[in-house]
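**Q** Take a look at this one; I'll ask things after.
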Amino acid sequence: MAVSSIRLARCLRPRNVAFNVIVNSSVSHTQSFVASMSRFRGSSSEYNLCCFSGGIVSFSALRARNFAKVRDRGLRTEDDHILGDSMDDIEDEQVVMSFHKCGGNVGDNVHIPLPEWVTEIGQTNPDIYFTDRKGRRNTECLTWGIDKERVLKGRTAVEAYFDYMRSFRVEFDEFFEGGIISEIEVGLGPCGELRYPSYPAENGWKYPGIGEFQCYDKYLMKSLSKAAEVRGHSFWAKGPDNASSYNSAPHETRFFCDGGDYDSYYGRFFLNWYSRVLIDHGDRVLALANLAFEGTCISAKISGIHWWYKTASHAAELTAGFYNPSNRDGYAPVAAMLSKHGVGLNFTCVEMRTLDQHEDFPEALADPEGLVWQVLNAAWDACIPVASENALPCYDREGYNKILENAKPQHDPDGRHLSAFTYLRLSPVLMERENFTEFERFVKRMHGEAVGEFNLN
């Protein structure tokens, strides 16, 4: 599968340091759980390079890096070359363990479903998927309710994830030992992000809808019932009945409006349980990832849900599992969980400006800058490395300047900064002369090189 992102390596050099290698390409999806947990499959891709002064940008996967080409040892033939023709120019690769299907979301131009053996189980037991209040199943990934349920041919979901990760580590031992694979990003939910699939386009969601809670499969409902019994209020074993629908606004609901039920005794109980399920899922999977990839840097991705951030309830974040209303820090517990496992955080939307969002979608009451500041500081306070990426296509200087501002905050007394930045949404538009000139200028500034305010020739 073609690479759709590039990692800006060593992007936070001091000013006036020589501009050397610009990027390493980053495999955006391995054919992990998506392809199969029992067999690897993939497609070949060409080695296309775009060169400019100081470095190389790779726009598609090297055949030598085509990890998905691996098959079961017993089925592989001598003609199935894993390493390609040369390994000399390959180092510091990030690989993503994707336990979700690809397709149906913003920016997706390919479709890779969950493996057939999983969907066959789903046909007879659809409760293995996240489910909304109306009973609509989301087949993008497996519900966290089966993390400890043996419903996958005798295995729990986390056992299946661990089996894959362990097999991957064994299969590519020489890549790890040789320093070729230096980081593993572990997928923890839809789009590889630690969140509930609360705003699926397939169910009619459109920006800036608040989304819906995704806890109505029988396994999560059983967990909710148990939590309500422990709390001493068994009648709380239900989801909110006044949170409206995917495309509602907070003020249109009795649950999310100012002074709404989200801040009632029941609301606080439910949201605490809902967010705890998210954190517990990350805790389980990352603990096993550390076992499978001992000695390798591990990271996890969190989504940037910036719409309705300027409201009291932060409704879109609540339905996604981040218990982050205006009177509570919902990201500090997530950062603490990542810190427990020594896992880095990968965050998004660092190119977005609140003013632009206000001009384009004033009704969304979005504040991406406020969200980025909160999440990055929660991670830095937990002493974990933070990487980031852009959420949408970015070709203009204003967006690049915002990335630089977030990457190296000025006047930070502790000198905190991003450890890396991944440029997403590669497309032919980037190669247009003006756009590429701006991109080159941005990359040089990322490397600490002094650049004038005028466009480069």
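Every chain in the structure tokens takes a letter, A first, then B, and so on in the order presented; its residues are numbered from 1, and the ligands are numbered from 1 following the presented order.
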From the DSSP assignment of the backbone, select every residue of region 331-433 of chain A that is strand (DSSP E), and format the answer as a ChimeraX atom specification.

**A** /A:344-347,386-389,420-424

**Q** Each residue of region 276-314 of chain A lying at most 7 Å from region 357-366 of chain A should get a row with its shortest atom-to-atom pair and the distance in Å to one decimal, counting only C-alpha atoms; could you produce that, ordered by chain and increasing number, as CSV?

**A**
residue,atom,partner,partner_atom,distance
A:His306,CA,A:Ala366,CA,5.3
A:Trp307,CA,A:Ala366,CA,4.0
A:Trp308,CA,A:Leu365,CA,4.9
A:Tyr309,CA,A:Ala366,CA,5.3
A:Lys310,CA,A:Leu365,CA,5.3

**Q** To one decimal place in Å, what is the distance between CA of Tyr246 (chain A) and CA of Ala316 (chain A)?

**A** 9.5 Å

**Q** Hey, what does DSSP flag as helix (DSSP H, G or I) within region 152-202 of chain A? Can you give it to me as a list of chain:residue names?

**A**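 Everything in region 152-202 of chain A that counts as helix (DSSP H, G or I) is A:Ala157, A:Val158, A:Glu159, A:Ala160, A:Tyr161, A:Phe162, A:Asp163, A:Tyr164, A:Met165, A:Arg166, A:Ser167, A:Phe168, A:Arg169, A:Val170, A:Glu171, A:Asp173, A:Glu174, A:Phe175, A:Phe176, A:Glu177, A:Pro190, A:Cys191, A:Gly192, A:Ala201, A:Glu202.
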
**Q** May I have the residues from that selection written out with C-alpha atoms, as a PDB file, in the first residue's frame?

**A**
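part36.pdb written:
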ATOM      1  CA  ALA A 157      -9.541  -9.732  21.653  1.00  0.00           C
ATOM      2  CA  VAL A 158      -6.399  -8.703  23.534  1.00  0.00           C
ATOM      3  CA  GLU A 159      -5.002 -12.224  23.141  1.00  0.00           C
ATOM      4  CA  ALA A 160      -5.543 -11.964  19.396  1.00  0.00           C
ATOM      5  CA  TYR A 161      -3.796  -8.582  19.313  1.00  0.00           C
ATOM      6  CA  PHE A 162      -0.891  -9.935  21.354  1.00  0.00           C
ATOM      7  CA  ASP A 163      -0.547 -13.047  19.185  1.00  0.00           C
ATOM      8  CA  TYR A 164      -0.239 -10.823  16.143  1.00  0.00           C
ATOM      9  CA  MET A 165       2.272  -8.463  17.710  1.00  0.00           C
ATOM     10  CA  ARG A 166       4.400 -11.311  19.020  1.00  0.00           C
ATOM     11  CA  SER A 167       4.349 -13.031  15.609  1.00  0.00           C
ATOM     12  CA  PHE A 168       5.309  -9.787  13.913  1.00  0.00           C
ATOM     13  CA  ARG A 169       8.245  -9.316  16.270  1.00  0.00           C
ATOM     14  CA  VAL A 170       9.501 -12.853  15.644  1.00  0.00           C
ATOM     15  CA  GLU A 171       8.985 -12.642  11.886  1.00  0.00           C
ATOM     16  CA  ASP A 173      13.570 -10.077  14.172  1.00  0.00           C
ATOM     17  CA  GLU A 174      16.385  -9.041  11.835  1.00  0.00           C
ATOM     18  CA  PHE A 175      14.625  -5.718  11.164  1.00  0.00           C
ATOM     19  CA  PHE A 176      14.419  -5.005  14.891  1.00  0.00           C
ATOM     20  CA  GLU A 177      17.903  -6.205  15.724  1.00  0.00           C
ATOM     21  CA  PRO A 190     -10.919   3.328  14.975  1.00  0.00           C
ATOM     22  CA  CYS A 191      -8.382   4.929  12.619  1.00  0.00           C
ATOM     23  CA  GLY A 192      -5.753   3.494  14.968  1.00  0.00           C
ATOM     24  CA  ALA A 201     -19.613   8.879   8.425  1.00  0.00           C
ATOM     25  CA  GLU A 202     -21.230   5.563   7.507  1.00  0.00           C
TER      26      GLU A 202
END

**Q** Go through A:Asn203, A:Ser98, A:Asn290, A:Ser388 and flag the residue nearest Gly135 (chain A), using only C-alpha atoms for the distances.

**A**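 Closest to Gly135 (chain A) of all the choices is A:Asn203.
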
**Q** Here is a test: counting only C-alpha atoms, which residue of A:Lys301, A:Arg397, A:His411, A:Lys238 is nearest to Cys349 (chain A)?

**A**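 Between A:Lys301, A:Arg397, A:His411, A:Lys238, the residue approaching Cys349 (chain A) most closely is A:Lys301.
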
**Q** Smallest atom-to-atom distance to Ala289 (chain A): which of A:Glu185, A:Thr437, A:Tyr266, A:Gln123, using only C-alpha atoms?

**A**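 Using only C-alpha atoms, the shortest distance to Ala289 (chain A) belongs to A:Glu185.
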
**Q** For Asp412 (chain A), which residue out of A:Asn377, A:Tyr207, A:Lys444, A:Glu434 is the nearest one, using only C-alpha atoms?

**A**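 The answer is A:Asn377, which sits nearest to Asp412 (chain A).
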